[in-house]
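Pasted below: structure-v5.txt, compact mmCIF, C-alpha atoms (C1' of nucleotides).
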# COMPACT_ATOMS: atom_id res chain seq x y z
CA MET A 1 12.59 -108.70 64.59
CA LYS A 2 9.42 -107.06 63.39
CA ARG A 3 9.05 -106.69 59.65
CA LYS A 4 8.06 -103.52 57.83
CA PRO A 5 4.50 -103.43 56.46
CA ALA A 6 3.94 -104.70 52.94
CA HIS A 7 3.65 -101.30 51.30
CA TYR A 8 7.25 -100.54 52.22
CA TYR A 9 8.44 -103.45 50.16
CA GLU A 10 6.09 -102.56 47.34
CA ALA A 11 7.51 -99.04 47.29
CA ARG A 12 11.02 -100.43 47.12
CA ALA A 13 10.01 -102.89 44.43
CA ARG A 14 8.68 -100.07 42.27
CA ILE A 15 12.13 -98.50 42.37
CA ALA A 16 13.96 -101.76 41.78
CA ARG A 17 11.72 -102.57 38.81
CA ALA A 18 12.54 -99.18 37.34
CA MET A 19 16.24 -100.04 37.62
CA ALA A 20 15.80 -103.51 36.19
CA HIS A 21 16.76 -102.81 32.59
CA PRO A 22 20.18 -102.22 31.01
CA SER A 23 19.01 -99.23 28.97
CA ARG A 24 17.53 -97.55 32.02
CA LEU A 25 20.73 -98.15 34.00
CA LEU A 26 22.72 -96.64 31.16
CA ILE A 27 20.40 -93.63 31.21
CA LEU A 28 20.70 -93.29 34.99
CA ASP A 29 24.48 -93.42 34.67
CA ALA A 30 24.43 -90.64 32.10
CA LEU A 31 22.03 -88.52 34.16
CA GLN A 32 24.24 -88.87 37.21
CA GLU A 33 26.78 -86.53 35.57
CA ARG A 34 24.45 -83.93 34.10
CA GLU A 35 21.02 -83.48 32.58
CA HIS A 36 20.36 -84.72 29.05
CA CYS A 37 17.60 -84.13 26.56
CA VAL A 38 15.60 -87.06 25.20
CA CYS A 39 17.34 -86.83 21.84
CA GLU A 40 20.77 -87.27 23.42
CA LEU A 41 19.57 -90.24 25.45
CA THR A 42 17.95 -91.76 22.38
CA GLU A 43 21.26 -91.67 20.56
CA LEU A 44 23.09 -93.00 23.61
CA VAL A 45 20.77 -95.95 24.05
CA GLY A 46 20.45 -96.68 20.35
CA ALA A 47 16.80 -97.71 20.43
CA ASP A 48 13.68 -96.18 18.98
CA GLN A 49 12.81 -92.73 20.33
CA SER A 50 9.47 -94.01 21.55
CA THR A 51 11.18 -96.81 23.44
CA VAL A 52 13.50 -94.36 25.18
CA SER A 53 10.60 -92.09 26.02
CA ARG A 54 8.87 -94.99 27.71
CA HIS A 55 12.02 -95.88 29.64
CA LEU A 56 12.16 -92.29 30.86
CA ALA A 57 8.52 -92.44 31.89
CA VAL A 58 9.29 -95.53 33.96
CA LEU A 59 12.20 -93.79 35.69
CA LYS A 60 10.09 -90.70 36.32
CA GLY A 61 7.23 -92.80 37.65
CA ALA A 62 9.62 -94.34 40.16
CA GLY A 63 10.79 -90.90 41.23
CA LEU A 64 14.36 -91.54 40.14
CA VAL A 65 14.50 -88.69 37.61
CA GLN A 66 12.96 -85.27 37.05
CA ASP A 67 12.18 -83.54 33.78
CA ARG A 68 12.23 -79.92 32.72
CA ARG A 69 10.94 -78.56 29.44
CA GLU A 70 13.00 -75.97 27.61
CA GLY A 71 11.28 -74.91 24.44
CA VAL A 72 10.66 -77.93 22.34
CA MET A 73 13.08 -80.12 24.23
CA VAL A 74 12.71 -81.93 27.55
CA PHE A 75 15.72 -82.36 29.82
CA TYR A 76 15.93 -85.16 32.35
CA ARG A 77 18.14 -85.26 35.40
CA ALA A 78 18.71 -87.64 38.32
CA ARG A 79 16.82 -86.99 41.56
CA CYS A 80 19.35 -88.72 43.81
CA ALA A 81 22.94 -89.85 43.86
CA CYS A 82 22.36 -93.16 45.63
CA LEU A 83 22.92 -95.35 42.63
CA SER A 84 26.65 -95.13 42.04
CA SER A 85 27.65 -95.86 45.62
CA PHE A 86 25.22 -98.76 45.60
CA TRP A 87 26.82 -100.30 42.52
CA ASN A 88 30.25 -99.65 43.99
CA CYS A 89 29.26 -101.51 47.11
CA LEU A 90 28.09 -104.40 44.97
CA GLU A 91 31.25 -104.55 42.88
CA ASN A 92 32.37 -107.87 44.36
CA VAL A 93 29.02 -109.45 43.59
CA LEU A 94 29.08 -107.94 40.13
CA LYS A 95 32.58 -109.26 39.43
CA GLU A 96 31.53 -112.76 40.47
CA ASN A 97 28.45 -112.53 38.30
CA LEU A 98 30.41 -111.37 35.29
CA LYS A 99 32.79 -114.30 35.73
CA SER A 100 30.07 -116.90 36.05
CA HIS A 101 28.08 -115.34 33.24
CA ALA A 102 31.12 -115.43 30.96
CA ALA A 103 31.69 -119.05 31.97
CA ALA A 104 28.09 -119.87 31.16
CA LEU A 105 28.53 -118.37 27.70
CA GLY A 106 31.93 -119.84 26.92
CA MET B 1 32.22 -88.98 29.43
CA LYS B 2 32.79 -92.46 28.12
CA ARG B 3 30.13 -95.03 28.93
CA LYS B 4 30.74 -98.48 30.39
CA PRO B 5 30.35 -101.40 27.98
CA ALA B 6 26.93 -102.98 27.68
CA HIS B 7 27.70 -106.05 29.77
CA TYR B 8 28.23 -103.85 32.81
CA TYR B 9 24.67 -102.62 32.60
CA GLU B 10 23.40 -106.13 31.94
CA ALA B 11 25.17 -107.35 35.06
CA ARG B 12 23.59 -104.57 37.09
CA ALA B 13 20.21 -105.26 35.54
CA ARG B 14 20.39 -108.90 36.62
CA ILE B 15 20.79 -107.71 40.21
CA ALA B 16 18.08 -105.08 39.96
CA ARG B 17 15.67 -107.62 38.46
CA ALA B 18 16.36 -109.92 41.37
CA MET B 19 15.43 -107.09 43.74
CA ALA B 20 12.32 -106.16 41.77
CA HIS B 21 9.72 -108.03 43.81
CA PRO B 22 8.23 -107.25 47.23
CA SER B 23 8.59 -110.82 48.50
CA ARG B 24 12.25 -110.93 47.54
CA LEU B 25 12.87 -107.58 49.22
CA LEU B 26 11.18 -108.89 52.34
CA ILE B 27 13.42 -111.94 52.19
CA LEU B 28 16.53 -109.82 51.72
CA ASP B 29 15.53 -107.69 54.68
CA ALA B 30 15.17 -110.77 56.85
CA LEU B 31 18.47 -112.23 55.66
CA GLN B 32 20.26 -108.99 56.45
CA GLU B 33 19.91 -109.77 60.17
CA ARG B 34 20.71 -113.47 60.18
CA GLU B 35 20.39 -116.60 58.11
CA HIS B 36 17.02 -118.30 57.77
CA CYS B 37 15.91 -121.69 56.51
CA VAL B 38 13.46 -121.95 53.65
CA CYS B 39 10.67 -122.98 55.97
CA GLU B 40 11.02 -119.80 58.02
CA LEU B 41 11.06 -117.66 54.91
CA THR B 42 8.05 -119.49 53.53
CA GLU B 43 6.08 -118.62 56.63
CA LEU B 44 7.36 -115.04 56.56
CA VAL B 45 6.37 -114.48 52.95
CA GLY B 46 3.09 -116.36 53.22
CA ALA B 47 3.20 -117.89 49.76
CA ASP B 48 3.53 -121.43 48.52
CA GLN B 49 6.80 -123.13 49.44
CA SER B 50 7.59 -123.69 45.79
CA THR B 51 7.10 -119.99 45.08
CA VAL B 52 9.51 -119.03 47.86
CA SER B 53 12.02 -121.58 46.64
CA ARG B 54 11.93 -119.96 43.22
CA HIS B 55 12.37 -116.49 44.73
CA LEU B 56 15.41 -117.77 46.58
CA ALA B 57 16.78 -119.26 43.37
CA VAL B 58 16.45 -115.85 41.72
CA LEU B 59 18.32 -114.15 44.56
CA LYS B 60 21.02 -116.81 44.51
CA GLY B 61 21.33 -116.54 40.74
CA ALA B 62 21.96 -112.82 41.13
CA GLY B 63 24.64 -113.49 43.74
CA LEU B 64 22.74 -111.64 46.44
CA VAL B 65 22.41 -114.63 48.78
CA GLN B 66 24.29 -117.81 49.64
CA ASP B 67 22.89 -121.11 50.82
CA ARG B 68 24.21 -123.74 53.16
CA ARG B 69 22.70 -127.15 53.73
CA GLU B 70 22.43 -128.47 57.26
CA GLY B 71 20.91 -131.89 57.28
CA VAL B 72 17.59 -131.74 55.59
CA MET B 73 17.32 -127.98 55.82
CA VAL B 74 18.88 -125.25 53.67
CA PHE B 75 19.85 -121.95 55.24
CA TYR B 76 20.14 -118.79 53.21
CA ARG B 77 22.07 -115.69 54.14
CA ALA B 78 22.85 -112.34 52.51
CA ARG B 79 26.11 -111.99 50.60
CA CYS B 80 26.43 -108.24 51.05
CA ALA B 81 25.17 -105.44 53.25
CA CYS B 82 24.70 -102.88 50.48
CA LEU B 83 20.94 -102.99 50.43
CA SER B 84 19.95 -101.26 53.64
CA SER B 85 22.16 -98.22 53.13
CA PHE B 86 20.86 -98.00 49.58
CA TRP B 87 17.25 -97.93 50.73
CA ASN B 88 18.18 -95.44 53.42
CA CYS B 89 19.71 -93.19 50.82
CA LEU B 90 16.54 -93.42 48.79
CA GLU B 91 14.23 -92.70 51.71
CA ASN B 92 13.27 -89.27 50.40
CA VAL B 93 12.32 -90.70 47.03
CA LEU B 94 10.46 -93.51 48.76
CA LYS B 95 8.53 -91.10 50.97
CA GLU B 96 7.48 -89.09 47.91
CA ASN B 97 6.44 -92.27 46.15
CA LEU B 98 4.40 -93.49 49.08
CA LYS B 99 2.60 -90.14 49.23
CA SER B 100 1.79 -90.06 45.53
CA HIS B 101 0.83 -93.72 45.55
CA ALA B 102 -1.53 -93.14 48.47
CA ALA B 103 -2.96 -90.14 46.64
CA ALA B 104 -3.47 -92.23 43.53
CA LEU B 105 -5.41 -94.78 45.59
CA GLY B 106 -7.45 -92.31 47.61
C1' DC C 1 -2.55 -70.77 10.37
C1' DC C 2 1.07 -73.96 8.50
C1' DT C 3 5.35 -76.40 8.93
C1' DA C 4 9.04 -78.50 11.25
C1' DT C 5 11.11 -80.59 15.23
C1' DA C 6 11.03 -82.87 19.87
C1' DT C 7 8.63 -85.78 22.73
C1' DA C 8 4.72 -88.76 24.23
C1' DT C 9 1.16 -92.25 23.55
C1' DG C 10 -1.95 -96.01 21.38
C1' DG C 11 -1.72 -100.51 19.17
C1' DT C 12 0.12 -104.93 18.61
C1' DC C 13 2.98 -108.82 19.46
C1' DA C 14 6.67 -111.91 21.42
C1' DT C 15 8.92 -112.80 25.67
C1' DT C 16 9.31 -112.93 30.59
C1' DT C 17 7.50 -113.26 35.17
C1' DG C 18 5.08 -115.11 39.03
C1' DG C 19 1.72 -117.94 40.96
C1' DC C 20 0.08 -122.64 42.22
C1' DC C 21 -0.25 -127.78 41.88
C1' DA C 22 1.99 -131.93 41.37
C1' DT C 23 6.07 -134.29 41.61
C1' DA C 24 11.03 -135.08 42.07
C1' DT C 25 15.23 -134.98 44.89
C1' DA C 26 17.95 -135.01 49.20
C1' DG C 27 18.99 -136.26 53.80
C1' DC C 28 17.59 -138.49 58.34
C1' DC C 29 16.04 -142.39 60.96
C1' DA C 30 14.12 -146.87 61.86
C1' DT D 1 15.04 -150.68 52.28
C1' DG D 2 11.04 -147.65 53.35
C1' DG D 3 9.00 -143.74 55.26
C1' DC D 4 9.22 -138.82 56.69
C1' DT D 5 10.44 -134.07 56.19
C1' DA D 6 12.64 -130.09 53.74
C1' DT D 7 13.56 -128.20 49.49
C1' DA D 8 13.68 -127.92 44.38
C1' DT D 9 11.73 -128.42 39.75
C1' DG D 10 8.41 -129.31 35.69
C1' DG D 11 4.04 -127.89 33.84
C1' DC D 12 0.73 -124.72 33.03
C1' DC D 13 -1.59 -120.28 32.76
C1' DA D 14 -2.58 -115.18 33.57
C1' DA D 15 -0.39 -110.88 33.74
C1' DA D 16 3.41 -107.70 32.98
C1' DT D 17 7.29 -106.08 30.08
C1' DG D 18 9.63 -104.28 26.16
C1' DA D 19 10.13 -103.61 21.35
C1' DC D 20 8.60 -101.30 17.17
C1' DC D 21 5.44 -98.61 14.04
C1' DA D 22 2.15 -95.18 13.56
C1' DT D 23 0.24 -91.28 15.33
C1' DA D 24 -0.79 -87.58 18.65
C1' DT D 25 0.75 -83.50 21.23
C1' DA D 26 3.55 -79.39 22.17
C1' DT D 27 6.45 -75.57 21.03
C1' DA D 28 9.04 -72.42 17.84
C1' DG D 29 9.24 -69.80 13.68
C1' DG D 30 7.48 -67.98 9.33
Could you write out this structure as C-alpha cells?
Amino acid sequence: MKRKPAHYYEARARIARAMAHPSRLLILDALQEREHCVCELTELVGADQSTVSRHLAVLKGAGLVQDRREGVMVFYRARCACLSSFWNCLENVLKENLKSHAAALG
Amino acid sequence: MKRKPAHYYEARARIARAMAHPSRLLILDALQEREHCVCELTELVGADQSTVSRHLAVLKGAGLVQDRREGVMVFYRARCACLSSFWNCLENVLKENLKSHAAALG
DNA sequence: CCTATATATGGTCATTTGGCCATATAGCCA
DNA sequence: TGGCTATATGGCCAAATGACCATATATAGG
C-alpha cells in the first residue's frame, strides 16, 4: 500500500508531541468538560503559572485548544472531542502498561 | 469533577510520547495493515537500521506493538486499531495545522 | 496616569531525545 | 565450530524539552 507523504506524519507528530506530557493531558481532560481560565488550570496542575502558560501555548500551537479573552482573564477550551474516545479505545494497552510499570517499580 | 490520579496521565503520556515522532507514526501506519519485519520497516523509514530498531523498542515499550521472531527475522505488528480512527477524528485539526504550517513556511 | 491582577515571554539550566557508528547478540547453515 | 544475516545495544553528540525565576504585556479600576 502507498504511504502518505511525510508532511502528514509530521502534522500528526506535532499533535502527538503536544499530548506527550502528563500536565497537558490533565489540562486536556479538564477542558473536555468546560472551559477554564489559566488561573484555574494553574491550580489544577500545581506548577508555576509560567509553566502552565507554556503548556497551554503548546496545546494551542497544535490546534488542540482555543482561547478567549474575557477582561483580564483568558479562557481555554478544547477544539475537539477525539481524545477521550481514543484513551478509552486504548484502555487495554493502558491497563497492561500500568501493571508492568508497577511491577518495574515494585 | 474529580480528576484521575497522576499515574493515569503518566500512563497516557508514555503512549503519546511513543507516538510523537513522524517515523514512528509511519511505522504504526504500516503495521496497521499487516505485520512487517525490521528490514522492511528500515527501508520504509529510510534511516539507519539501529535507529529504526530503537523506534520499534519505543513503540513496544509503550505497548503499541508486539514482536514475533521467525528464524533470524523479527516481525512487528500493531496491538490495537485505535490510531486510525483517532487521526480521522482529528482530520479537521490536522487540515488547519497543515494550512497554517504551509503559511508559516511560505 | 498609577496600581493591581492575569497572563505571556526571555533567560538559564538539567534532562531527554534522536541520530549515526561500531559492536554485540541471535539464529541458520555448512 | 565458523561464517552469514537480521536485529539489538553501547557510546557519543547535537538539538529539543521542561522547569523555574524574573520580567514584560494587557486589562480593569481609581
Worksheet item: Expressed in Å to a single decimal, how great is the separation between CA of Ile15 (chain A) and CA of Arg12 (chain B)?
Response: 14.0 Å
Worksheet item: Do you have the CA of Glu43 (chain A)-CA of Glu91 (chain A) distance handy?
Response: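 That distance, rounded to one decimal, is 27.6 Å.
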Discussion item. I need the contact residues of chain C against chain B, so if you could list those with any atom within 12 Å, counting only C-alpha atoms (C1' of nucleotides), and return them as a PyMOL selection string, that would help.
Written reply: chain C and resi 16-23+25-28
Discussion item. For a quick check of your reading of the model, name the residues lying within 12 Å of the coordinate (22.7, -90.2, 32.3), counting only C-alpha atoms (C1' of nucleotides), and write them as JSON, numbers by chain.
Written reply: {"A": [23, 24, 25, 26, 27, 28, 29, 30, 31, 32, 33, 34, 35, 36, 37, 38, 40, 41, 42, 43, 44, 45, 56, 59, 64, 65, 66, 75, 76, 77, 78, 79, 81, 83, 84], "B": [1, 2, 3, 4]}
Can you write just those residues out, C-alpha atoms, as a short mmCIF file (atom, residue, chain, number, x, y, z; two decimals), in the frame of the given file?
data_model
loop_
_atom_site.label_atom_id
_atom_site.label_comp_id
_atom_site.auth_asym_id
_atom_site.auth_seq_id
_atom_site.Cartn_x
_atom_site.Cartn_y
_atom_site.Cartn_z
CA SER A 23 19.01 -99.23 28.97
CA ARG A 24 17.53 -97.55 32.02
CA LEU A 25 20.73 -98.15 34.00
CA LEU A 26 22.72 -96.64 31.16
CA ILE A 27 20.40 -93.63 31.21
CA LEU A 28 20.70 -93.29 34.99
CA ASP A 29 24.48 -93.42 34.67
CA ALA A 30 24.43 -90.64 32.10
CA LEU A 31 22.03 -88.52 34.16
CA GLN A 32 24.24 -88.87 37.21
CA GLU A 33 26.78 -86.53 35.57
CA ARG A 34 24.45 -83.93 34.10
CA GLU A 35 21.02 -83.48 32.58
CA HIS A 36 20.36 -84.72 29.05
CA CYS A 37 17.60 -84.13 26.56
CA VAL A 38 15.60 -87.06 25.20
CA GLU A 40 20.77 -87.27 23.42
CA LEU A 41 19.57 -90.24 25.45
CA THR A 42 17.95 -91.76 22.38
CA GLU A 43 21.26 -91.67 20.56
CA LEU A 44 23.09 -93.00 23.61
CA VAL A 45 20.77 -95.95 24.05
CA LEU A 56 12.16 -92.29 30.86
CA LEU A 59 12.20 -93.79 35.69
CA LEU A 64 14.36 -91.54 40.14
CA VAL A 65 14.50 -88.69 37.61
CA GLN A 66 12.96 -85.27 37.05
CA PHE A 75 15.72 -82.36 29.82
CA TYR A 76 15.93 -85.16 32.35
CA ARG A 77 18.14 -85.26 35.40
CA ALA A 78 18.71 -87.64 38.32
CA ARG A 79 16.82 -86.99 41.56
CA ALA A 81 22.94 -89.85 43.86
CA LEU A 83 22.92 -95.35 42.63
CA SER A 84 26.65 -95.13 42.04
CA MET B 1 32.22 -88.98 29.43
CA LYS B 2 32.79 -92.46 28.12
CA ARG B 3 30.13 -95.03 28.93
CA LYS B 4 30.74 -98.48 30.39
#
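Our summary of the geometry notes that C1' of DC13 (chain C) is positioned 16.4 Å from C1' of DA14 (chain D).
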Least-squares superpose chain B on chain A across all ordered C-alpha pairs, then write out what you get as a compact mmCIF listing (two decimals) with C-alpha atoms, keeping the file's coordinate frame.
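Below you can see out.txt, which holds the result:
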# COMPACT_ATOMS: atom_id res chain seq x y z
CA MET B 1 12.64 -108.62 64.59
CA LYS B 2 9.46 -107.02 63.39
CA ARG B 3 9.05 -106.65 59.65
CA LYS B 4 8.06 -103.48 57.81
CA PRO B 5 4.51 -103.39 56.45
CA ALA B 6 3.95 -104.67 52.94
CA HIS B 7 3.65 -101.27 51.29
CA TYR B 8 7.25 -100.51 52.20
CA TYR B 9 8.44 -103.44 50.15
CA GLU B 10 6.07 -102.54 47.33
CA ALA B 11 7.50 -99.03 47.26
CA ARG B 12 11.02 -100.42 47.09
CA ALA B 13 9.99 -102.90 44.42
CA ARG B 14 8.66 -100.08 42.24
CA ILE B 15 12.12 -98.51 42.34
CA ALA B 16 13.96 -101.76 41.76
CA ARG B 17 11.70 -102.57 38.80
CA ALA B 18 12.52 -99.20 37.32
CA MET B 19 16.22 -100.04 37.61
CA ALA B 20 15.77 -103.53 36.17
CA HIS B 21 16.73 -102.83 32.57
CA PRO B 22 20.15 -102.23 30.99
CA SER B 23 18.98 -99.25 28.94
CA ARG B 24 17.51 -97.56 32.00
CA LEU B 25 20.70 -98.18 33.97
CA LEU B 26 22.69 -96.66 31.13
CA ILE B 27 20.37 -93.66 31.20
CA LEU B 28 20.70 -93.31 34.96
CA ASP B 29 24.47 -93.46 34.65
CA ALA B 30 24.42 -90.67 32.09
CA LEU B 31 22.04 -88.55 34.15
CA GLN B 32 24.25 -88.91 37.20
CA GLU B 33 26.79 -86.57 35.57
CA ARG B 34 24.47 -83.96 34.10
CA GLU B 35 21.05 -83.52 32.58
CA HIS B 36 20.38 -84.72 29.05
CA CYS B 37 17.58 -84.14 26.57
CA VAL B 38 15.61 -87.05 25.20
CA CYS B 39 17.33 -86.80 21.85
CA GLU B 40 20.76 -87.27 23.42
CA LEU B 41 19.56 -90.23 25.43
CA THR B 42 17.93 -91.73 22.37
CA GLU B 43 21.24 -91.65 20.55
CA LEU B 44 23.06 -93.00 23.60
CA VAL B 45 20.73 -95.94 24.03
CA GLY B 46 20.41 -96.65 20.32
CA ALA B 47 16.77 -97.65 20.39
CA ASP B 48 13.64 -96.12 18.95
CA GLN B 49 12.78 -92.69 20.33
CA SER B 50 9.44 -93.96 21.54
CA THR B 51 11.15 -96.78 23.42
CA VAL B 52 13.48 -94.34 25.18
CA SER B 53 10.56 -92.07 26.01
CA ARG B 54 8.84 -94.99 27.70
CA HIS B 55 12.00 -95.88 29.63
CA LEU B 56 12.16 -92.30 30.85
CA ALA B 57 8.51 -92.44 31.87
CA VAL B 58 9.28 -95.53 33.95
CA LEU B 59 12.19 -93.80 35.68
CA LYS B 60 10.10 -90.70 36.31
CA GLY B 61 7.24 -92.80 37.64
CA ALA B 62 9.62 -94.35 40.14
CA GLY B 63 10.81 -90.91 41.23
CA LEU B 64 14.37 -91.57 40.12
CA VAL B 65 14.50 -88.72 37.59
CA GLN B 66 12.97 -85.30 37.05
CA ASP B 67 12.20 -83.56 33.79
CA ARG B 68 12.26 -79.94 32.77
CA ARG B 69 10.97 -78.55 29.51
CA GLU B 70 13.02 -75.95 27.68
CA GLY B 71 11.29 -74.87 24.54
CA VAL B 72 10.63 -77.88 22.43
CA MET B 73 13.08 -80.07 24.29
CA VAL B 74 12.72 -81.93 27.59
CA PHE B 75 15.73 -82.38 29.84
CA TYR B 76 15.94 -85.17 32.36
CA ARG B 77 18.16 -85.29 35.40
CA ALA B 78 18.71 -87.68 38.31
CA ARG B 79 16.84 -87.03 41.54
CA CYS B 80 19.35 -88.75 43.81
CA ALA B 81 22.95 -89.86 43.86
CA CYS B 82 22.37 -93.18 45.62
CA LEU B 83 22.93 -95.37 42.61
CA SER B 84 26.65 -95.14 42.02
CA SER B 85 27.65 -95.87 45.61
CA PHE B 86 25.22 -98.77 45.59
CA TRP B 87 26.81 -100.29 42.50
CA ASN B 88 30.23 -99.66 43.98
CA CYS B 89 29.23 -101.52 47.10
CA LEU B 90 28.06 -104.41 44.97
CA GLU B 91 31.20 -104.54 42.85
CA ASN B 92 32.36 -107.82 44.35
CA VAL B 93 29.03 -109.46 43.63
CA LEU B 94 29.07 -107.97 40.15
CA LYS B 95 32.57 -109.25 39.45
CA GLU B 96 31.53 -112.75 40.52
CA ASN B 97 28.46 -112.53 38.33
CA LEU B 98 30.41 -111.38 35.31
CA LYS B 99 32.82 -114.29 35.76
CA SER B 100 30.10 -116.90 36.08
CA HIS B 101 28.12 -115.35 33.24
CA ALA B 102 31.19 -115.43 31.00
CA ALA B 103 31.77 -119.04 32.02
CA ALA B 104 28.17 -119.89 31.20
CA LEU B 105 28.64 -118.41 27.73
CA GLY B 106 32.05 -119.90 27.02
Practice prompt. Compile the residues of chain D that lie within 10 Å of chain B, evaluated using only C-alpha atoms (C1' of nucleotides), and express the compilation as a list in words.
Written response: DT5, DA6, DT7, DA8 and DT9 of chain D
Practice prompt. For chain B, work out the contacting residues on chain A at 7 Å, counting only C-alpha atoms, and write them as a ChimeraX atom specification.
Written response: /A:9-11,13,16-17,19-22,25-26,63,82,86,89-90,93-94,97-98
Taking all listed atoms of region 4-11 of chain C, build the axis-aligned box, pad each of the six sides by 8 Å, then write its centre and edge lengths in Å to one decimal as lines of an AutoDock Vina configuration file.
center_x = 4.6
center_y = -89.5
center_z = 17.7
size_x = 29.1
size_y = 38.0
size_z = 29.0
